[in-house]
Structures are given as structure tokens and as C-alpha cells.
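Below is one structure, written out as C-alpha cells, with a few remarks after it.
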Amino acid sequence: MTEWTKHNLLDIQNLTKEEIELILNTAKSFKEVSSRDVKKVPALRGKTVALLFFENSTRTRVSFELAAKRLSADIISISASGSSLSKGESILDTAKNIEAMNVSAVVVRHSTSGVPKILAEHLEPSVINAGDGCRAHPTQALLDMFTIREKLGRIEAIEVGIVGDILHSRVARSNIWGLTKLGAKVTVCGPSTLMPVEVEKLGVKVSYDIDEVIKQSDVLMVLRIQKERQQDNFLPSIREYAKHFGINKERLKFAKKNLLIMHPGPTNRGVELSAEVADGEYSVILDQVTNGVAVRMAILYLLLGTKETIEEKQTL
Ligand code: CP
């Protein structure tokens with residue numbers, strides 16, 4: 001049986017296939033905890049988890065908070081506005097001060113790639129990457145893989161189409177690393193201006209034909225078009241994007257019967273997917289959010305649980 005040995009969770013690249021499977025299997029038992037009347041276990045009693053969100057978030061932040069609470073950990077929560085960062089304190093100084101208050105883990109989101117890695121190099125507590133720049137969003141990829149496995153029963157050999165702004169997407173990168181490691185066949189699709197150079201080297205196929213990708217896919221992972229990047233002229237217009245790559249009911253006419261439509265959120269309804277599709281029969285978008293809590297419980301538990309708590313889990 002695989003034993004968890006890592007101190008930090010910085011990206012999916014560093015995890016073996018067995019470690020990914022251990023997280024997914026552990027999350028399965030924590031999902032059951034979240035369905036109970038009393039959604040709490042004592043696994044991390046006495047531990048403190050610091051949430052350092054220096055970039056906006058709804059799903060990741062709230063689900064980490066819930067995950068820590070359901071494991072009986074204490075939490076502290078810091079954002080850029082309202083903290084001494086706004087007075088000029090560096091991120092590392094802020095993090096060192098949090099460390100001095102004896103926290104067990106630091107969950108960090110930042111708009112600059114590499115910040116979680118730098119914190120991990122300087123801090124004693126475990127560091128968990130909750131999304132850094134365009135680089136990685138490992139816990140999102142893990143909850144996506146959990147959802148696929150839960151719905152389809154496996155990941156090996158399934159066809160996954162990742163559609164949209166691949167260039168700027170940390171979700172796409174982390175999913176490519178994870179899904180290919182677990183044996184999925186991944187095709188990326190989007191405008192050529194939003195396709196990273198030599199993306200094939202990550203083990204994926206590239207297509208510019210959205211209808212072909214829809215037809216072949218078991219899973220369609222739709223990414224947010226980042227409206228804030230419009231001034232960079234990556235797209236002629238949002239309307240053009242929606243016309244050529246937006247997922248709508250008409251386009252899904254040739255989809256497989258059991259297709260899963262996923263989106264990490266937040267969604268732009270009417271841009272990358274229509275409201276009808278977001279709320280429609282193929283959509284598992286809210287299942288992803290539900291599963292995010294269980295997956296983040298598993299990650300906190302594996303990183304912070306002691307031998308005793310891990311043995312206690314057998315009787316959860
Ligand atoms: N998927 C995701 O990271 O969403 P948030 O930005 O709301 O956390």
C-alpha cells in the first residue's frame with residue numbers, strides 16, 4: 001500500500017500515480033463524512049490551518065475552510081486587503097509571522113507563479129498550493145479527477161477535451177499533468193492565440209475543431225475565458241470566441257450519451273458555455289464543487305494527520 005510521505009502539495013507533477021490514487025481513495029471516505037448529520041471528525045484536532053488568499057476565490061477558499069473545520073482543525077484567514085501587506089510588508093514576512101503563531105499548514109493562492117514554492121522553501125509548516133498565476137492549481141485537478149472517476153468509474157483510456165484559454169490556465173496545466181499520468185487521452189482545443197507553444201510535449205493532442213472534440217470526448221473540461229485579458233488582443237472579441245468555441249445545446253447534438261461537462265468556475269454564461277448547458281443534463285459542475293471539500297479534507301489529512309489519527313481513520 002502507498003504511504004504518504006510528502007510535506008507539501010505544490011503541484012501534480014511531483015506526485016506519483018500511486019500518490020494521486022491515495023488522495024482520491026482517501027477523499028472517497030471523507031465524502032461519506034460530509035453526507036452525515038454531524039459532518040465532523042476529530043482527525044486534526046489541535047492543528048491550525050492558515051488560509052492566505054492573495055487573489056480572489058470563492059470555491060477554493062470556502063472548501064478549504066470547510067474541509068479544515070470538518071477535520072476539527074482551527075483556521076485563520078488572511079487576504080491582501082485588510083492585512084499588513086497593504087502597508088508594504090512582504091509576503092514572506094507575512095508568512096513568517098503566521099508561522100511564528102505555530103500553524104501546521106499554510107494554504108496559499110497568489111497571482112504570481114512560484115509563490116507557494118518560495119514559501120515552502122522558507123517555512124516549516126506544510127504549504128498547499130491553492131492556485132499560483134498561470135502555473136498550477138493542483139487541488140482543482142485532483143477534485144476534477146475525483147469527479148471523473150466517481151462518474152465514469154475510471155480515468156484510464158477516457159477521452160478528455162480541454163477547451164478554451166489553455167495558455168493562461170493553471171487548471172489546464174494541472175489537469176494535463178494528472179490525467180495523462182492516470183492514463184487518460186487528452187486533447188486541448190481553443191483559438192491558436194490561446195494555445196501554448198509546443199503544448200504537445202506535455203503528452204496531449206491539439207485540435208482547433210471544437211465539433212470533432214465534442215464528438216470524441218467522454219469528458220469536456222470547459223475553461224473560463226478571462227475577460228480581464230481582452231486588452232491583450234488574444235481574441236477579436238468575446239462574441240467571436242462564443243461563436244467558434246462556445247459550448248451550446250446545438251453543438252452537443254453529436255456528443256456521447258454519457259458525456260460529462262465540467263468547468264472549474266467561475267463560469268461566464270453565454271461565453272464559454274450557454275446557461276442551458278451549464279445547468280443541463282451533462283453538467284457536473286456543482287458535483288465538482290461538492291467533491292472539492294472531500295478532496296481538500298483528504299489533502300489536509302494526509303499532510304497533517306499523525307500516525308495515530310491515520311490509524312483512527314480506519315474507524316471513521
Ligand atoms: N476553481 C476555482 O479555483 O474557483 P475559485 O477561484 O472560486 O476558487
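Each chain of the C-alpha cells is named A, B, ... in the order shown, its residues numbered from 1; ligands are numbered from 1 in display order.
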
Which chains and residue numbers are within 7 Å of ligand 1, counting only C-alpha atoms and all ligand atoms, if I want them as a list in words? Asn56, Ser57, Thr58, Arg59, Thr60, Arg61, Gly131, Gln140, Pro264, Gly265 and Pro266 of chain A

So that I have them on file, write out the residues from the current selection with N, CA and C atoms, as a PDB file, in the first residue's frame.
```pdb
ATOM      1  N   ASN A  56      -8.503  36.650  -5.518  1.00  0.00           N
ATOM      2  CA  ASN A  56      -9.903  36.323  -5.214  1.00  0.00           C
ATOM      3  C   ASN A  56     -10.210  34.838  -5.405  1.00  0.00           C
ATOM      4  N   SER A  57     -11.138  34.361  -4.633  1.00  0.00           N
ATOM      5  CA  SER A  57     -11.560  32.969  -4.733  1.00  0.00           C
ATOM      6  C   SER A  57     -12.885  32.798  -4.013  1.00  0.00           C
ATOM      7  N   THR A  58     -13.747  31.956  -4.546  1.00  0.00           N
ATOM      8  CA  THR A  58     -14.949  31.536  -3.814  1.00  0.00           C
ATOM      9  C   THR A  58     -14.818  30.059  -3.461  1.00  0.00           C
ATOM     10  N   ARG A  59     -14.778  29.193  -4.504  1.00  0.00           N
ATOM     11  CA  ARG A  59     -14.820  27.749  -4.298  1.00  0.00           C
ATOM     12  C   ARG A  59     -13.628  27.224  -3.493  1.00  0.00           C
ATOM     13  N   THR A  60     -12.414  27.600  -3.897  1.00  0.00           N
ATOM     14  CA  THR A  60     -11.231  27.007  -3.265  1.00  0.00           C
ATOM     15  C   THR A  60     -11.126  27.452  -1.808  1.00  0.00           C
ATOM     16  N   ARG A  61     -11.339  28.726  -1.589  1.00  0.00           N
ATOM     17  CA  ARG A  61     -11.205  29.253  -0.234  1.00  0.00           C
ATOM     18  C   ARG A  61     -12.254  28.653   0.716  1.00  0.00           C
ATOM     19  N   GLY A 131      -3.478  27.582  -6.068  1.00  0.00           N
ATOM     20  CA  GLY A 131      -3.518  28.261  -7.371  1.00  0.00           C
ATOM     21  C   GLY A 131      -2.470  29.350  -7.424  1.00  0.00           C
ATOM     22  N   GLN A 140      -7.523  21.655  -7.628  1.00  0.00           N
ATOM     23  CA  GLN A 140      -8.625  21.666  -8.610  1.00  0.00           C
ATOM     24  C   GLN A 140      -8.520  20.422  -9.503  1.00  0.00           C
ATOM     25  N   PRO A 264     -14.230  24.544 -13.981  1.00  0.00           N
ATOM     26  CA  PRO A 264     -13.707  24.791 -12.625  1.00  0.00           C
ATOM     27  C   PRO A 264     -14.393  25.958 -11.929  1.00  0.00           C
ATOM     28  N   GLY A 265     -15.098  26.809 -12.712  1.00  0.00           N
ATOM     29  CA  GLY A 265     -15.699  28.022 -12.165  1.00  0.00           C
ATOM     30  C   GLY A 265     -14.625  29.079 -11.931  1.00  0.00           C
ATOM     31  N   PRO A 266     -15.004  30.347 -11.891  1.00  0.00           N
ATOM     32  CA  PRO A 266     -16.347  30.841 -12.151  1.00  0.00           C
ATOM     33  C   PRO A 266     -16.676  30.769 -13.650  1.00  0.00           C
TER      34      PRO A 266
END
```

Run DSSP on the backbone of this structure and report the residues of region 29-249 of chain A it assigns to strand (DSSP E), as a ChimeraX atom specification. /A:48-53,74-79,105-110,126-132,159-163,185-189,205-207,219-222

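Counting only C-alpha atoms, the residue from A:Val160, A:Val206, A:Ala136, A:Ala68 that sits nearest to Arg173 (chain A) is A:Ala136.
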
Neighbour list for Thr187 (chain A) as a PyMOL selection string, cut-off 6 Å, only C-alpha atoms, skip fewer than 6 positions in-chain: chain A and resi 161+204-206

Store the residues picked out above, limited to N, CA, C and O atoms, as an mmCIF file, in the first residue's frame.
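Full text of result_3.cif as output:
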```cif
data_model
loop_
_atom_site.group_PDB
_atom_site.id
_atom_site.type_symbol
_atom_site.label_atom_id
_atom_site.label_comp_id
_atom_site.auth_asym_id
_atom_site.auth_seq_id
_atom_site.Cartn_x
_atom_site.Cartn_y
_atom_site.Cartn_z
ATOM 1 N N GLY A 161 -11.481 16.308 -23.458
ATOM 2 C CA GLY A 161 -11.215 17.518 -24.241
ATOM 3 C C GLY A 161 -11.150 18.704 -23.288
ATOM 4 O O GLY A 161 -12.071 18.913 -22.495
ATOM 5 N N VAL A 204 -0.253 15.720 -24.954
ATOM 6 C CA VAL A 204 -1.650 15.919 -25.382
ATOM 7 C C VAL A 204 -1.717 16.103 -26.902
ATOM 8 O O VAL A 204 -0.706 16.420 -27.536
ATOM 9 N N LYS A 205 -2.930 15.915 -27.454
ATOM 10 C CA LYS A 205 -3.153 16.266 -28.858
ATOM 11 C C LYS A 205 -3.727 17.678 -28.898
ATOM 12 O O LYS A 205 -4.356 18.129 -27.926
ATOM 13 N N VAL A 206 -3.535 18.352 -30.043
ATOM 14 C CA VAL A 206 -4.088 19.697 -30.200
ATOM 15 C C VAL A 206 -5.108 19.660 -31.326
ATOM 16 O O VAL A 206 -4.860 19.057 -32.369
#
```

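Using only C-alpha atoms, the nearest neighbour of Pro125 (chain A) within the list A:Ala242, A:Ala141, A:Leu194, A:Ala50 is A:Ala50.
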
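Nearest residue to Val49 (chain A) among A:Leu300, A:Cys134, A:Leu179, A:Ala100 is A:Leu300, counting only C-alpha atoms.
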
Tell me, as a PyMOL selection string, which residues lie within 8 Å of Leu220 (chain A), counting only C-alpha atoms; anything in the same chain fewer than 3 positions away does not count. chain A and resi 160-163+214+217+259-262

Dump all heavy atoms for the selected residues as a PDB file, in the first residue's frame?
```pdb
ATOM      1  N   VAL A 160     -10.524  13.033 -22.881  1.00  0.00           N
ATOM      2  CA  VAL A 160     -10.852  14.307 -22.234  1.00  0.00           C
ATOM      3  C   VAL A 160     -10.508  15.451 -23.192  1.00  0.00           C
ATOM      4  O   VAL A 160      -9.376  15.538 -23.685  1.00  0.00           O
ATOM      5  CB  VAL A 160     -10.057  14.495 -20.921  1.00  0.00           C
ATOM      6  CG1 VAL A 160     -10.446  15.816 -20.251  1.00  0.00           C
ATOM      7  CG2 VAL A 160     -10.294  13.339 -19.964  1.00  0.00           C
ATOM      8  N   GLY A 161     -11.481  16.308 -23.458  1.00  0.00           N
ATOM      9  CA  GLY A 161     -11.215  17.518 -24.241  1.00  0.00           C
ATOM     10  C   GLY A 161     -11.150  18.704 -23.288  1.00  0.00           C
ATOM     11  O   GLY A 161     -12.071  18.913 -22.495  1.00  0.00           O
ATOM     12  N   ILE A 162     -10.051  19.443 -23.337  1.00  0.00           N
ATOM     13  CA  ILE A 162      -9.947  20.662 -22.506  1.00  0.00           C
ATOM     14  C   ILE A 162     -10.073  21.841 -23.470  1.00  0.00           C
ATOM     15  O   ILE A 162      -9.284  21.965 -24.417  1.00  0.00           O
ATOM     16  CB  ILE A 162      -8.621  20.712 -21.720  1.00  0.00           C
ATOM     17  CG1 ILE A 162      -8.444  19.435 -20.873  1.00  0.00           C
ATOM     18  CG2 ILE A 162      -8.584  21.947 -20.817  1.00  0.00           C
ATOM     19  CD1 ILE A 162      -7.172  19.409 -20.025  1.00  0.00           C
ATOM     20  N   VAL A 163     -11.088  22.686 -23.253  1.00  0.00           N
ATOM     21  CA  VAL A 163     -11.472  23.684 -24.253  1.00  0.00           C
ATOM     22  C   VAL A 163     -11.362  25.101 -23.706  1.00  0.00           C
ATOM     23  O   VAL A 163     -11.905  25.395 -22.635  1.00  0.00           O
ATOM     24  CB  VAL A 163     -12.943  23.452 -24.694  1.00  0.00           C
ATOM     25  CG1 VAL A 163     -13.350  24.465 -25.762  1.00  0.00           C
ATOM     26  CG2 VAL A 163     -13.126  22.042 -25.209  1.00  0.00           C
ATOM     27  N   ILE A 214     -15.857  17.604 -29.386  1.00  0.00           N
ATOM     28  CA  ILE A 214     -17.102  17.250 -28.672  1.00  0.00           C
ATOM     29  C   ILE A 214     -17.492  15.805 -29.013  1.00  0.00           C
ATOM     30  O   ILE A 214     -17.831  15.016 -28.134  1.00  0.00           O
ATOM     31  CB  ILE A 214     -18.243  18.222 -29.041  1.00  0.00           C
ATOM     32  CG1 ILE A 214     -17.973  19.589 -28.395  1.00  0.00           C
ATOM     33  CG2 ILE A 214     -19.609  17.678 -28.607  1.00  0.00           C
ATOM     34  CD1 ILE A 214     -18.933  20.683 -28.808  1.00  0.00           C
ATOM     35  N   SER A 217     -15.218  13.120 -27.197  1.00  0.00           N
ATOM     36  CA  SER A 217     -14.907  13.228 -25.761  1.00  0.00           C
ATOM     37  C   SER A 217     -15.864  12.456 -24.857  1.00  0.00           C
ATOM     38  O   SER A 217     -17.070  12.405 -25.090  1.00  0.00           O
ATOM     39  CB  SER A 217     -14.927  14.701 -25.330  1.00  0.00           C
ATOM     40  OG  SER A 217     -13.868  15.401 -25.931  1.00  0.00           O
ATOM     41  N   LEU A 259     -21.623  11.907 -21.842  1.00  0.00           N
ATOM     42  CA  LEU A 259     -20.617  12.979 -21.747  1.00  0.00           C
ATOM     43  C   LEU A 259     -20.731  13.705 -20.400  1.00  0.00           C
ATOM     44  O   LEU A 259     -21.828  13.945 -19.894  1.00  0.00           O
ATOM     45  CB  LEU A 259     -20.860  13.998 -22.879  1.00  0.00           C
ATOM     46  CG  LEU A 259     -19.995  15.269 -22.837  1.00  0.00           C
ATOM     47  CD1 LEU A 259     -18.546  14.946 -23.173  1.00  0.00           C
ATOM     48  CD2 LEU A 259     -20.532  16.331 -23.821  1.00  0.00           C
ATOM     49  N   LEU A 260     -19.560  14.053 -19.835  1.00  0.00           N
ATOM     50  CA  LEU A 260     -19.537  14.917 -18.644  1.00  0.00           C
ATOM     51  C   LEU A 260     -19.056  16.291 -19.072  1.00  0.00           C
ATOM     52  O   LEU A 260     -18.002  16.405 -19.698  1.00  0.00           O
ATOM     53  CB  LEU A 260     -18.557  14.393 -17.593  1.00  0.00           C
ATOM     54  CG  LEU A 260     -18.724  12.985 -17.041  1.00  0.00           C
ATOM     55  CD1 LEU A 260     -17.676  12.738 -15.946  1.00  0.00           C
ATOM     56  CD2 LEU A 260     -20.127  12.767 -16.485  1.00  0.00           C
ATOM     57  N   ILE A 261     -19.808  17.312 -18.710  1.00  0.00           N
ATOM     58  CA  ILE A 261     -19.336  18.691 -18.936  1.00  0.00           C
ATOM     59  C   ILE A 261     -18.868  19.244 -17.605  1.00  0.00           C
ATOM     60  O   ILE A 261     -19.630  19.304 -16.628  1.00  0.00           O
ATOM     61  CB  ILE A 261     -20.449  19.576 -19.517  1.00  0.00           C
ATOM     62  CG1 ILE A 261     -20.854  18.991 -20.852  1.00  0.00           C
ATOM     63  CG2 ILE A 261     -19.990  21.035 -19.595  1.00  0.00           C
ATOM     64  CD1 ILE A 261     -21.013  19.910 -21.982  1.00  0.00           C
ATOM     65  N   MET A 262     -17.598  19.641 -17.572  1.00  0.00           N
ATOM     66  CA  MET A 262     -17.005  20.161 -16.335  1.00  0.00           C
ATOM     67  C   MET A 262     -16.546  21.597 -16.556  1.00  0.00           C
ATOM     68  O   MET A 262     -16.260  22.001 -17.684  1.00  0.00           O
ATOM     69  CB  MET A 262     -15.803  19.291 -15.931  1.00  0.00           C
ATOM     70  CG  MET A 262     -16.147  17.822 -15.824  1.00  0.00           C
ATOM     71  SD  MET A 262     -14.731  16.804 -15.372  1.00  0.00           S
ATOM     72  CE  MET A 262     -14.636  17.123 -13.639  1.00  0.00           C
TER      73      MET A 262
END
```

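Ranking A:Glu212, A:Ser81, A:Ser111, A:Arg70 by their shortest atom-to-atom distance to Glu32 (chain A), with only C-alpha atoms included, puts A:Arg70 first.
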
Using DSSP secondary structure from the backbone, list all helix (DSSP H, G or I) positions within region 59-261 of chain A, as number ranges by chain. A: 59-70, 84-87, 91-99, 115-122, 138-152, 170-181, 192-194, 199-202, 210-216, 227-232, 238-245, 251-254

Find the residues of region 108-214 of chain A that sit at most 12 Å from region 280-287 of chain A; for each, write down the nearest two atoms and how far apart they are in Å, to one decimal. Count only C-alpha atoms. Sort by chain, then by number going up, and give it as JSON lines.
```
{"residue": "A:Leu143", "atom": "CA", "partner": "A:Asp287", "partner_atom": "CA", "distance": 9.6}
{"residue": "A:Asp144", "atom": "CA", "partner": "A:Asp287", "partner_atom": "CA", "distance": 9.5}
{"residue": "A:Met145", "atom": "CA", "partner": "A:Asp287", "partner_atom": "CA", "distance": 11.9}
{"residue": "A:Phe146", "atom": "CA", "partner": "A:Asp287", "partner_atom": "CA", "distance": 10.1}
{"residue": "A:Thr147", "atom": "CA", "partner": "A:Asp287", "partner_atom": "CA", "distance": 7.1}
{"residue": "A:Ile148", "atom": "CA", "partner": "A:Val284", "partner_atom": "CA", "distance": 9.3}
{"residue": "A:Glu150", "atom": "CA", "partner": "A:Asp287", "partner_atom": "CA", "distance": 9.9}
{"residue": "A:Lys151", "atom": "CA", "partner": "A:Val284", "partner_atom": "CA", "distance": 9.0}
{"residue": "A:Leu152", "atom": "CA", "partner": "A:Val284", "partner_atom": "CA", "distance": 11.8}
```

Put those residues in a file: N, CA and C atoms, as a short mmCIF file (atom, residue, chain, number, x, y, z; two decimals), in the first residue's frame.
```cif
data_model
loop_
_atom_site.label_atom_id
_atom_site.label_comp_id
_atom_site.auth_asym_id
_atom_site.auth_seq_id
_atom_site.Cartn_x
_atom_site.Cartn_y
_atom_site.Cartn_z
N LEU A 143 -9.68 17.35 -7.61
CA LEU A 143 -11.14 17.21 -7.47
C LEU A 143 -11.78 16.92 -8.83
N ASP A 144 -11.18 17.39 -9.90
CA ASP A 144 -11.68 17.06 -11.24
C ASP A 144 -11.49 15.56 -11.51
N MET A 145 -10.31 15.05 -11.16
CA MET A 145 -10.05 13.62 -11.39
C MET A 145 -10.97 12.77 -10.51
N PHE A 146 -11.19 13.22 -9.28
CA PHE A 146 -12.10 12.51 -8.37
C PHE A 146 -13.50 12.43 -8.99
N THR A 147 -13.96 13.55 -9.55
CA THR A 147 -15.31 13.61 -10.12
C THR A 147 -15.42 12.70 -11.35
N ILE A 148 -14.39 12.70 -12.19
CA ILE A 148 -14.41 11.83 -13.37
C ILE A 148 -14.47 10.36 -12.94
N GLU A 150 -15.48 9.13 -10.12
CA GLU A 150 -16.76 8.85 -9.46
C GLU A 150 -17.88 8.62 -10.50
N LYS A 151 -17.87 9.45 -11.54
CA LYS A 151 -18.97 9.38 -12.53
C LYS A 151 -18.77 8.29 -13.56
N LEU A 152 -17.52 8.08 -13.99
CA LEU A 152 -17.27 7.13 -15.09
C LEU A 152 -16.62 5.83 -14.63
#
```

Could you state the separation of CA of Ala172 (chain A) and CA of Ala120 (chain A) in Å, given to one decimal place? 23.2 Å

In terms of the shortest atom-to-atom distance over only C-alpha atoms, which of A:Gly292, A:Thr5, A:Asn97, A:His137 is closest to Leu85 (chain A)? A:Asn97

Distance query Lys39 (chain A) at most 12 Å, only C-alpha atoms, self and fewer than 4 positions along chain excluded, as an mmCIF file with N, CA and C atoms, in the first residue's frame:
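So around.cif came out as:
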```
data_model
loop_
_atom_site.group_PDB
_atom_site.id
_atom_site.type_symbol
_atom_site.label_atom_id
_atom_site.label_comp_id
_atom_site.auth_asym_id
_atom_site.auth_seq_id
_atom_site.Cartn_x
_atom_site.Cartn_y
_atom_site.Cartn_z
ATOM 1 N N PHE A 30 -13.876 10.502 2.948
ATOM 2 C CA PHE A 30 -14.271 11.796 3.525
ATOM 3 C C PHE A 30 -15.559 12.331 2.894
ATOM 4 N N LYS A 31 -15.854 11.908 1.685
ATOM 5 C CA LYS A 31 -17.124 12.350 1.081
ATOM 6 C C LYS A 31 -18.287 11.788 1.900
ATOM 7 N N GLU A 32 -18.112 10.594 2.391
ATOM 8 C CA GLU A 32 -19.167 9.979 3.224
ATOM 9 C C GLU A 32 -19.372 10.806 4.502
ATOM 10 N N VAL A 33 -18.278 11.306 5.074
ATOM 11 C CA VAL A 33 -18.385 12.120 6.300
ATOM 12 C C VAL A 33 -19.258 13.356 6.030
ATOM 13 N N SER A 34 -19.074 13.956 4.842
ATOM 14 C CA SER A 34 -19.814 15.183 4.512
ATOM 15 C C SER A 34 -21.300 14.937 4.285
ATOM 16 N N SER A 35 -21.691 13.661 4.178
ATOM 17 C CA SER A 35 -23.122 13.380 3.980
ATOM 18 C C SER A 35 -23.818 13.065 5.315
ATOM 19 N N LEU A 66 -14.054 24.834 4.921
ATOM 20 C CA LEU A 66 -14.971 23.769 5.360
ATOM 21 C C LEU A 66 -14.211 22.474 5.650
ATOM 22 N N ALA A 67 -13.267 22.151 4.766
ATOM 23 C CA ALA A 67 -12.502 20.908 4.931
ATOM 24 C C ALA A 67 -11.764 20.922 6.269
ATOM 25 N N ALA A 68 -11.102 22.036 6.582
ATOM 26 C CA ALA A 68 -10.355 22.129 7.840
ATOM 27 C C ALA A 68 -11.314 22.027 9.032
ATOM 28 N N LYS A 69 -12.459 22.702 8.945
ATOM 29 C CA LYS A 69 -13.432 22.665 10.051
ATOM 30 C C LYS A 69 -13.995 21.261 10.237
ATOM 31 N N ARG A 70 -14.263 20.565 9.119
ATOM 32 C CA ARG A 70 -14.835 19.213 9.245
ATOM 33 C C ARG A 70 -13.817 18.228 9.810
ATOM 34 N N LEU A 71 -12.534 18.591 9.756
ATOM 35 C CA LEU A 71 -11.497 17.738 10.364
ATOM 36 C C LEU A 71 -11.162 18.217 11.783
ATOM 37 N N SER A 72 -11.927 19.206 12.281
ATOM 38 C CA SER A 72 -11.767 19.762 13.638
ATOM 39 C C SER A 72 -10.497 20.603 13.806
ATOM 40 N N VAL A 293 -14.635 19.682 -1.373
ATOM 41 C CA VAL A 293 -14.487 19.627 0.090
ATOM 42 C C VAL A 293 -13.825 18.305 0.495
ATOM 43 N N ALA A 294 -14.336 17.197 -0.046
ATOM 44 C CA ALA A 294 -13.793 15.878 0.320
ATOM 45 C C ALA A 294 -12.326 15.750 -0.096
ATOM 46 N N MET A 297 -10.245 17.813 2.215
ATOM 47 C CA MET A 297 -10.127 17.125 3.510
ATOM 48 C C MET A 297 -9.035 16.061 3.420
ATOM 49 N N LEU A 316 -13.522 5.529 11.135
ATOM 50 C CA LEU A 316 -14.303 6.746 10.891
ATOM 51 C C LEU A 316 -15.794 6.442 10.839
#
```

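Nearest residue to Ile299 (chain A), choosing from A:Ala95, A:Val108, A:Val103, A:Ile20 and counting only C-alpha atoms: A:Ile20.
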
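Our summary of the geometry notes that CA of Val188 (chain A) is positioned 27.4 Å from CA of Asn25 (chain A).
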
Which neighbours of Lys201 (chain A) fall inside 12 Å, counting only C-alpha atoms, when residues of the same chain fewer than 5 positions from it are skipped, and could you give them as a ChimeraX atom specification? /A:176-177,180,196,206

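Pairwise distance (CA of Ser77 (chain A), CA of Gly178 (chain A)) equals 28.7 Å.
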